[in-house]
file model09.cif (mmCIF, C-alpha atoms and all ligand atoms)
data_upload
loop_
_atom_site.label_atom_id
_atom_site.label_comp_id
_atom_site.auth_asym_id
_atom_site.auth_seq_id
_atom_site.Cartn_x
_atom_site.Cartn_y
_atom_site.Cartn_z
CA MET A 1 227.36 367.30 -16.49
CA PRO A 2 226.75 365.18 -19.58
CA LEU A 3 224.00 366.19 -21.95
CA VAL A 4 220.55 365.61 -20.54
CA SER A 5 217.45 364.01 -22.00
CA MET A 6 215.01 366.64 -23.24
CA ARG A 7 212.19 364.46 -21.91
CA GLN A 8 213.49 364.83 -18.37
CA LEU A 9 213.91 368.57 -18.86
CA LEU A 10 210.31 368.92 -20.12
CA ASP A 11 208.84 366.60 -17.46
CA GLU A 12 210.48 368.81 -14.83
CA ALA A 13 209.18 371.94 -16.57
CA ALA A 14 205.66 370.49 -16.44
CA LYS A 15 206.02 369.82 -12.72
CA GLY A 16 207.24 373.37 -12.18
CA GLY A 17 204.68 374.92 -14.53
CA TYR A 18 207.20 376.73 -16.71
CA GLY A 19 208.41 376.67 -20.30
CA VAL A 20 211.92 376.11 -21.64
CA GLY A 21 213.33 378.13 -24.52
CA ALA A 22 214.96 376.17 -27.32
CA PHE A 23 217.55 378.39 -28.94
CA ASN A 24 219.13 377.72 -32.32
CA VAL A 25 222.90 377.74 -32.75
CA ASN A 26 225.29 377.82 -35.68
CA ASP A 27 228.54 378.91 -34.08
CA MET A 28 230.57 379.37 -30.94
CA GLU A 29 229.38 382.88 -30.12
CA GLN A 30 225.73 381.81 -30.09
CA ILE A 31 226.46 378.84 -27.84
CA GLN A 32 228.40 381.09 -25.48
CA ALA A 33 225.58 383.65 -25.48
CA ILE A 34 223.05 380.97 -24.48
CA MET A 35 225.29 379.50 -21.81
CA GLY A 36 226.05 382.97 -20.46
CA ALA A 37 222.31 383.61 -20.16
CA ALA A 38 221.67 380.18 -18.60
CA LYS A 39 224.37 380.82 -16.02
CA GLU A 40 223.17 384.35 -15.33
CA THR A 41 219.57 383.20 -14.76
CA ASN A 42 220.29 379.68 -13.43
CA SER A 43 218.21 378.07 -16.17
CA PRO A 44 218.04 374.60 -17.70
CA VAL A 45 218.39 374.95 -21.45
CA ILE A 46 217.67 373.38 -24.82
CA ILE A 47 220.22 374.08 -27.53
CA GLN A 48 219.10 373.11 -31.00
CA ALA A 49 220.63 372.82 -34.43
CA SER A 50 218.79 372.72 -37.72
CA ARG A 51 220.01 370.73 -40.70
CA GLY A 52 221.29 374.02 -42.07
CA ALA A 53 223.28 374.67 -38.91
CA ARG A 54 224.82 371.20 -38.97
CA GLN A 55 225.89 371.82 -42.54
CA PHE A 56 227.16 375.33 -41.89
CA ALA A 57 229.28 374.49 -38.85
CA GLN A 58 229.97 370.82 -39.67
CA ASP A 59 228.63 368.22 -37.24
CA LYS A 60 231.81 367.65 -35.29
CA TYR A 61 232.62 371.32 -34.70
CA LEU A 62 229.10 372.05 -33.53
CA PHE A 63 228.76 368.99 -31.33
CA HIS A 64 232.12 369.48 -29.63
CA LEU A 65 231.25 373.10 -28.90
CA ILE A 66 228.14 371.85 -27.10
CA LEU A 67 230.22 369.33 -25.18
CA ALA A 68 232.51 372.20 -24.15
CA ALA A 69 229.43 374.10 -22.95
CA ALA A 70 228.39 371.12 -20.84
CA GLU A 71 231.88 370.64 -19.45
CA LEU A 72 232.23 374.29 -18.49
CA ASN A 73 228.74 374.56 -16.95
CA PRO A 74 228.23 371.40 -14.90
CA GLU A 75 225.41 372.99 -12.90
CA ILE A 76 223.26 373.65 -15.99
CA PRO A 77 221.15 370.83 -17.49
CA ILE A 78 221.59 371.03 -21.29
CA ALA A 79 219.61 369.05 -23.88
CA MET A 80 220.98 368.97 -27.42
CA HIS A 81 218.18 368.80 -29.97
CA GLN A 82 217.94 368.28 -33.73
CA ASP A 83 215.53 370.94 -35.00
CA HIS A 84 213.23 369.92 -37.90
CA GLY A 85 214.67 366.57 -38.90
CA ASN A 86 213.29 365.93 -42.40
CA SER A 87 213.79 362.16 -42.46
CA PHE A 88 214.57 359.09 -40.40
CA GLU A 89 218.19 359.31 -41.64
CA THR A 90 218.66 362.88 -40.40
CA CYS A 91 217.35 361.94 -36.95
CA LYS A 92 219.41 358.75 -36.86
CA SER A 93 222.60 360.64 -37.69
CA ALA A 94 221.92 363.17 -34.91
CA ILE A 95 221.30 360.37 -32.41
CA GLU A 96 224.48 358.60 -33.46
CA LEU A 97 226.40 361.83 -33.04
CA GLY A 98 225.15 362.14 -29.44
CA TYR A 99 222.15 364.47 -29.60
CA THR A 100 219.81 363.74 -26.69
CA SER A 101 216.69 364.79 -28.55
CA VAL A 102 215.40 364.96 -32.11
CA MET A 103 212.48 366.50 -33.89
CA MET A 104 211.05 364.39 -36.66
CA ASP A 105 209.08 366.90 -38.69
CA GLY A 106 206.95 364.46 -40.64
CA SER A 107 204.37 367.15 -41.36
CA LEU A 108 206.41 367.71 -44.51
CA LYS A 109 207.80 365.20 -46.95
CA GLU A 110 211.55 364.60 -47.03
CA ASP A 111 212.06 367.60 -49.35
CA GLY A 112 211.12 369.78 -46.37
CA LYS A 113 208.57 371.66 -48.50
CA THR A 114 205.61 369.50 -49.50
CA PRO A 115 202.98 368.75 -46.86
CA ALA A 116 202.85 365.01 -46.10
CA THR A 117 199.72 362.97 -45.45
CA PHE A 118 198.70 362.16 -41.89
CA ASP A 119 199.58 358.48 -42.33
CA GLU A 120 203.01 359.30 -43.80
CA ASN A 121 203.68 361.57 -40.84
CA VAL A 122 202.63 358.90 -38.33
CA ALA A 123 204.74 356.22 -40.04
CA VAL A 124 208.03 358.14 -40.19
CA THR A 125 207.61 359.64 -36.72
CA LYS A 126 206.88 356.21 -35.20
CA LYS A 127 209.97 354.83 -36.93
CA VAL A 128 212.11 357.54 -35.29
CA VAL A 129 210.50 356.92 -31.88
CA ASP A 130 211.25 353.19 -32.19
CA PHE A 131 214.91 353.99 -32.92
CA ALA A 132 215.30 356.81 -30.38
CA HIS A 133 213.63 355.55 -27.22
CA PRO A 134 215.76 352.41 -26.73
CA ARG A 135 218.71 354.83 -26.84
CA GLY A 136 217.15 357.18 -24.29
CA VAL A 137 216.65 359.93 -26.85
CA THR A 138 213.60 362.20 -26.81
CA VAL A 139 211.39 362.68 -29.88
CA GLU A 140 209.35 365.73 -30.84
CA GLY A 141 206.79 365.34 -33.63
CA GLU A 142 204.79 367.93 -35.54
CA ILE A 143 201.16 367.81 -36.51
CA GLY A 144 199.74 370.53 -38.74
CA VAL A 145 202.13 372.62 -40.84
CA LEU A 146 203.81 375.87 -39.82
CA GLY A 147 203.98 378.85 -42.12
CA GLY A 148 207.05 380.41 -43.70
CA VAL A 149 210.44 379.03 -44.65
CA GLU A 150 213.62 379.03 -42.61
CA ASP A 151 216.98 377.49 -43.42
CA GLY A 152 215.38 376.16 -46.61
CA HIS A 153 212.80 374.26 -44.56
CA GLY A 154 209.09 374.98 -44.65
CA ALA A 155 205.95 374.86 -46.75
CA GLY A 156 205.89 378.65 -47.18
CA GLY A 157 202.66 380.60 -47.11
CA SER A 158 200.87 381.85 -44.05
CA GLY A 159 200.62 379.92 -40.82
CA LEU A 160 196.87 379.63 -41.23
CA GLU A 161 196.81 377.08 -44.05
CA HIS A 162 197.32 373.90 -42.02
CA ILE A 163 196.20 374.63 -38.45
CA THR A 164 196.42 371.55 -36.22
CA ASP A 165 193.18 369.63 -35.81
CA PRO A 166 192.80 368.65 -32.12
CA ASP A 167 191.35 365.20 -32.95
CA GLN A 168 194.29 364.48 -35.26
CA ALA A 169 196.69 365.66 -32.55
CA VAL A 170 195.20 363.07 -30.18
CA GLU A 171 195.43 360.28 -32.75
CA PHE A 172 198.97 361.31 -33.67
CA ALA A 173 200.15 361.28 -30.05
CA GLU A 174 198.54 357.89 -29.47
CA ARG A 175 199.94 356.25 -32.60
CA THR A 176 203.50 357.62 -32.42
CA GLY A 177 204.35 357.80 -28.70
CA VAL A 178 206.20 361.11 -29.12
CA ASP A 179 207.49 362.91 -26.03
CA ALA A 180 206.61 366.37 -27.29
CA LEU A 181 204.24 367.68 -29.88
CA ALA A 182 204.72 370.74 -32.08
CA ILE A 183 201.43 372.21 -33.21
CA ALA A 184 200.51 374.75 -35.87
CA ILE A 185 198.45 377.62 -34.47
CA GLY A 186 199.16 380.32 -37.04
CA THR A 187 202.82 381.05 -36.37
CA SER A 188 205.48 381.09 -39.08
CA HIS A 189 209.22 380.70 -39.21
CA GLY A 190 211.46 383.68 -39.96
CA ALA A 191 211.11 387.38 -39.19
CA TYR A 192 207.90 388.03 -41.15
CA LYS A 193 205.23 386.30 -39.10
CA PHE A 194 202.39 388.80 -38.90
CA THR A 195 201.64 392.07 -40.73
CA LYS A 196 200.07 393.61 -37.61
CA LYS A 197 200.00 392.82 -33.91
CA PRO A 198 198.42 389.35 -33.99
CA ASP A 199 194.93 388.81 -32.65
CA GLY A 200 192.74 385.72 -32.47
CA SER A 201 192.11 385.79 -36.21
CA VAL A 202 195.73 384.90 -37.02
CA LEU A 203 197.14 383.44 -33.79
CA LYS A 204 194.95 380.54 -32.74
CA MET A 205 195.57 380.27 -29.03
CA ASP A 206 192.06 378.77 -28.73
CA VAL A 207 193.25 375.77 -30.77
CA LEU A 208 196.25 375.35 -28.48
CA ILE A 209 194.00 375.43 -25.42
CA LYS A 210 191.68 372.85 -27.01
CA ILE A 211 194.60 370.52 -27.74
CA HIS A 212 195.86 370.90 -24.18
CA GLN A 213 192.41 370.05 -22.83
CA ARG A 214 192.38 366.83 -24.89
CA LEU A 215 196.04 365.96 -24.15
CA PRO A 216 196.62 367.40 -20.68
CA ASN A 217 199.93 365.62 -20.05
CA THR A 218 201.51 366.04 -23.49
CA HIS A 219 204.34 368.55 -23.74
CA LEU A 220 203.36 371.06 -26.42
CA VAL A 221 205.92 372.95 -28.50
CA MET A 222 205.51 376.41 -30.01
CA HIS A 223 207.57 376.99 -33.15
CA GLY A 224 208.10 380.30 -34.90
CA SER A 225 207.79 381.96 -31.51
CA SER A 226 210.21 384.84 -31.66
CA SER A 227 208.57 388.03 -30.52
CA VAL A 228 210.46 390.14 -33.11
CA PRO A 229 210.53 393.19 -30.82
CA LYS A 230 210.47 396.58 -32.46
CA ASP A 231 213.56 397.83 -30.61
CA LEU A 232 215.67 395.04 -32.16
CA GLN A 233 214.26 395.80 -35.63
CA ASP A 234 214.98 399.50 -35.07
CA ILE A 235 218.67 398.95 -34.25
CA VAL A 236 219.14 396.97 -37.47
CA ASN A 237 217.42 399.68 -39.52
CA GLU A 238 219.09 402.58 -37.73
CA TYR A 239 222.49 401.32 -38.86
CA GLY A 240 221.76 400.73 -42.52
CA GLY A 241 219.50 397.66 -42.39
CA LYS A 242 216.34 397.38 -44.48
CA LEU A 243 213.87 395.28 -42.51
CA LYS A 244 210.21 395.72 -43.35
CA GLU A 245 207.87 396.33 -40.44
CA THR A 246 206.76 393.04 -38.90
CA TRP A 247 205.24 391.47 -35.79
CA GLY A 248 206.12 388.28 -33.94
CA VAL A 249 204.38 386.33 -31.20
CA PRO A 250 203.82 388.58 -28.17
CA VAL A 251 205.45 387.23 -25.01
CA GLU A 252 202.10 387.36 -23.16
CA GLU A 253 200.64 384.92 -25.72
CA ILE A 254 203.57 382.55 -25.14
CA GLN A 255 202.96 382.84 -21.40
CA LEU A 256 199.29 381.97 -22.01
CA GLY A 257 200.59 378.92 -23.91
CA ILE A 258 202.84 377.97 -21.00
CA ARG A 259 199.80 378.02 -18.71
CA ASN A 260 198.23 375.59 -21.21
CA GLY A 261 200.79 372.85 -21.67
CA VAL A 262 203.52 374.55 -23.73
CA ARG A 263 206.87 373.34 -22.41
CA LYS A 264 209.26 374.14 -25.29
CA ILE A 265 209.39 377.45 -27.10
CA ASN A 266 211.57 377.81 -30.19
CA VAL A 267 213.34 381.12 -30.57
CA ASP A 268 215.76 381.97 -33.36
CA THR A 269 214.82 385.19 -35.16
CA ASP A 270 215.11 387.41 -32.06
CA ASN A 271 218.68 386.26 -31.55
CA ARG A 272 219.55 386.77 -35.21
CA LEU A 273 218.18 390.31 -35.04
CA ALA A 274 220.06 391.09 -31.82
CA MET A 275 223.39 389.91 -33.23
CA THR A 276 222.94 391.59 -36.60
CA GLY A 277 221.92 394.87 -34.97
CA ALA A 278 224.99 394.84 -32.72
CA ILE A 279 227.32 394.05 -35.62
CA ARG A 280 225.78 396.71 -37.86
CA LYS A 281 226.13 399.29 -35.12
CA VAL A 282 229.88 398.70 -34.78
CA LEU A 283 230.56 398.61 -38.50
CA TRP A 284 228.38 401.69 -39.12
CA THR A 285 229.63 403.87 -36.27
CA GLN A 286 233.26 402.72 -36.25
CA PRO A 287 234.11 401.99 -39.88
CA GLU A 288 237.83 401.92 -39.04
CA LYS A 289 237.38 398.65 -37.09
CA PHE A 290 238.40 395.38 -38.71
CA ASP A 291 239.12 392.96 -35.86
CA PRO A 292 236.17 390.50 -35.84
CA ARG A 293 236.23 390.50 -32.05
CA ASP A 294 235.27 394.18 -32.10
CA TYR A 295 231.84 393.26 -33.46
CA LEU A 296 231.45 389.62 -32.38
CA LYS A 297 231.78 390.50 -28.71
CA PRO A 298 228.90 393.02 -28.73
CA ALA A 299 226.94 390.59 -30.91
CA ARG A 300 227.37 387.85 -28.34
CA GLU A 301 226.40 390.22 -25.53
CA ALA A 302 223.30 391.37 -27.39
CA MET A 303 222.15 387.79 -27.93
CA GLN A 304 222.84 386.87 -24.30
CA LYS A 305 220.63 389.74 -23.20
CA VAL A 306 217.71 388.54 -25.36
CA VAL A 307 218.10 384.92 -24.25
CA ALA A 308 218.29 385.85 -20.54
CA THR A 309 215.14 387.96 -20.93
CA ARG A 310 213.27 385.08 -22.59
CA MET A 311 214.44 382.62 -19.93
CA THR A 312 212.98 384.87 -17.26
CA GLN A 313 209.75 385.41 -19.23
CA PHE A 314 209.30 381.67 -19.90
CA GLY A 315 209.79 380.90 -16.20
CA GLN A 316 212.76 378.54 -16.55
CA ALA A 317 215.02 380.98 -14.68
CA GLY A 318 216.04 379.68 -11.27
CA HIS A 319 215.23 376.05 -12.07
CA ALA A 320 218.62 374.66 -13.13
CA GLY A 321 219.27 373.10 -9.74
CA ASP A 322 215.79 371.70 -9.07
CA TYR A 323 216.61 368.15 -10.06
CA LYS A 324 219.40 365.73 -10.65
CA PRO A 325 219.72 364.90 -14.32
CA VAL A 326 219.92 361.17 -15.00
CA SER A 327 221.89 359.63 -17.83
CA ILE A 328 220.16 358.81 -21.08
CA ALA A 329 220.86 355.13 -20.32
CA VAL A 330 218.58 355.45 -17.30
CA ILE A 331 216.02 357.24 -19.47
CA ALA A 332 216.21 354.35 -21.97
CA LYS A 333 215.39 351.90 -19.15
CA GLY A 334 212.47 354.11 -18.17
CA TYR A 335 211.02 353.83 -21.67
CA ALA A 336 211.57 350.05 -21.63
CA ASP A 337 209.96 349.37 -18.25
CA GLY A 338 207.12 351.85 -18.81
CA SER A 339 208.02 354.18 -15.95
CA LEU A 340 208.42 356.85 -18.64
CA THR A 341 205.11 356.61 -20.38
CA THR A 342 204.65 357.27 -24.08
CA LYS A 343 200.91 356.68 -23.98
CA PRO A 344 199.24 360.06 -23.77
CA LEU A 345 196.50 360.76 -21.30
CA VAL A 346 193.46 361.59 -23.43
CA ALA A 347 190.53 363.57 -22.06
CA ALA A 348 187.08 363.29 -23.55
CA ARG A 349 185.88 366.09 -25.83
ZN ZN A 401 210.36 375.24 -36.21
#
call {"tool": "encode", "arguments": {"input": "model09.cif", "output": "structure tokens"}}
result
Amino acid sequence: MPLVSMRQLLDEAAKGGYGVGAFNVNDMEQIQAIMGAAKETNSPVIIQASRGARQFAQDKYLFHLILAAAELNPEIPIAMHQDHGNSFETCKSAIELGYTSVMMDGSLKEDGKTPATFDENVAVTKKVVDFAHPRGVTVEGEIGVLGGVEDGHGAGGSGLEHITDPDQAVEFAERTGVDALAIAIGTSHGAYKFTKKPDGSVLKMDVLIKIHQRLPNTHLVMHGSSSVPKDLQDIVNEYGGKLKETWGVPVEEIQLGIRNGVRKINVDTDNRLAMTGAIRKVLWTQPEKFDPRDYLKPAREAMQKVVATRMTQFGQAGHAGDYKPVSIAVIAKGYADGSLTTKPLVAAR
């Protein structure tokens, strides 16, 4: 099966009332872990690469690994997504490479650090939409600014500094025509999201629910949504790691989000922890080992286990065969003739 439009994947998720995990990749083992989990749970899947990942692996290596994943798993719908594009150029290069979806994170300026103005965000996001849609490519925008820094991208600070304003979210969706909207509700990138189990004072699920009420048909995206489970932290620390105690986004809060319009959930940290824990365990308990396969295989298995668990928790499990993916050329026609709407349904306050 060729790569699928993320828009189609999210539209189907909305119909089915489930969320789809978007998992970050940098190398072959991570791609194989995700595909193993997708196969095991019969899930549609979003694979995403940050700018850092594209640099680390080199575009061609990474993209051809994804094509191999699609070729080997024809029954699994796969969308390939650029995570946190910082500029029109970054998104354009991903689209030209063959990505079926891009995120234009115009909440920050091109440096990926400084918060942008609302009008700057609208302008650059709209420019990406105008380039992407005629090519059948999906666009995710971001309104509000997430906390933390990951892969050199982020404004830093806590996730509470630039919480999304629901009125601005409506205006942003109307003016840009994005297919999916990332919102800031207190979450941060990286492992250190919360210093205690998050409650309503730091994780603003009420804001998410408000935005969903105003934009009932818009696909919402939760970033920084690893759950950072204690057992994964413990394995890292048991075998010589030095992670400080930290809390992520509890799965039940993500599930509350899914009941309120969240269709894409970004998960990276949990997979990083799972792989690192598995590698540490081998190197710590069997110091005589030196064949990379001796630790990469358990690392891949550990990540597959986390991804399969999330796929089941997000509800995407079992849905790979629900629909027939159409080509992105057909999706492009849909945007052109209006059968795929980019005008959000807006409910009164
Ligand atoms: Zn993100």
call {"tool": "residues_around", "arguments": {"input": "model09.cif", "residues": "range 77-89 of chain A", "least_positions_apart": "2", "cutoff": "6 Å", "atoms": "all atoms listed in the file", "output": "PyMOL selection string"}}
result
chain A and resi 3-6+44-50+91-92+99-105+110+112+128
call {"tool": "residues_around", "arguments": {"input": "model09.cif", "residues": "range 70-76 of chain A", "least_positions_apart": "5", "cutoff": "7 Å", "atoms": "only C-alpha atoms", "output": "count of residues only"}}
result
7
call {"tool": "axis_aligned_box", "arguments": {"input": "model09.cif", "around": "range 32-50 of chain A", "padding_each_side": "4 Å", "output": "JSON"}}
result
{"center_x": 223.0, "center_y": 378.5, "center_z": -25.6, "size_x": 18.7, "size_y": 19.6, "size_z": 32.3}
call {"tool": "closest_residue", "arguments": {"input": "model09.cif", "among": "A:Tyr295, A:Phe131, A:Trp284, A:Tyr323", "to": "Val178 in chain A", "atoms": "only C-alpha atoms"}}
result
A:Phe131
call {"tool": "closest_atom_pairs", "arguments": {"input": "model09.cif", "of": "range 15-111 of chain A", "to": "range 219-234 of chain A", "cutoff": "10 Å", "atoms": "only C-alpha atoms", "output": "CSV"}}
result
residue,atom,partner,partner_atom,distance
A:Gly19,CA,A:Val221,CA,9.3
A:Val20,CA,A:Val221,CA,9.6
A:Gly21,CA,A:Ser225,CA,9.7
A:Ala22,CA,A:His223,CA,9.4
call {"tool": "closest_residue", "arguments": {"input": "model09.cif", "among": "A:Ala123, A:Ala94, A:Leu345, A:Leu215", "to": "Gly106 in chain A", "atoms": "only C-alpha atoms"}}
result
A:Ala123
call {"tool": "closest_residue", "arguments": {"input": "model09.cif", "among": "A:Pro216, A:Pro198, A:Gly257, A:Gly277", "to": "Glu238 in chain A", "atoms": "only C-alpha atoms"}}
result
A:Gly277
call {"tool": "closest_residue", "arguments": {"input": "model09.cif", "among": "A:Glu245, A:Asp130, A:Asp268, A:Glu171", "to": "ligand ZN 401 (chain A)", "atoms": "all atoms listed in the file"}}
result
A:Asp268
call {"tool": "atom_distance", "arguments": {"input": "model09.cif", "atom1": "CA of Glu150 in chain A", "atom2": "CA of Thr218 in chain A"}}
result
26.1 Å
call {"tool": "closest_residue", "arguments": {"input": "model09.cif", "among": "A:Leu181, A:Ala191, A:Ala13, A:Ala302", "to": "Gln168 in chain A", "atoms": "only C-alpha atoms"}}
result
A:Leu181
call {"tool": "closest_residue", "arguments": {"input": "model09.cif", "among": "A:Lys15, A:His212, A:Lys264, A:Lys126", "to": "ligand ZN 401 (chain A)", "atoms": "all atoms listed in the file"}}
result
A:Lys264
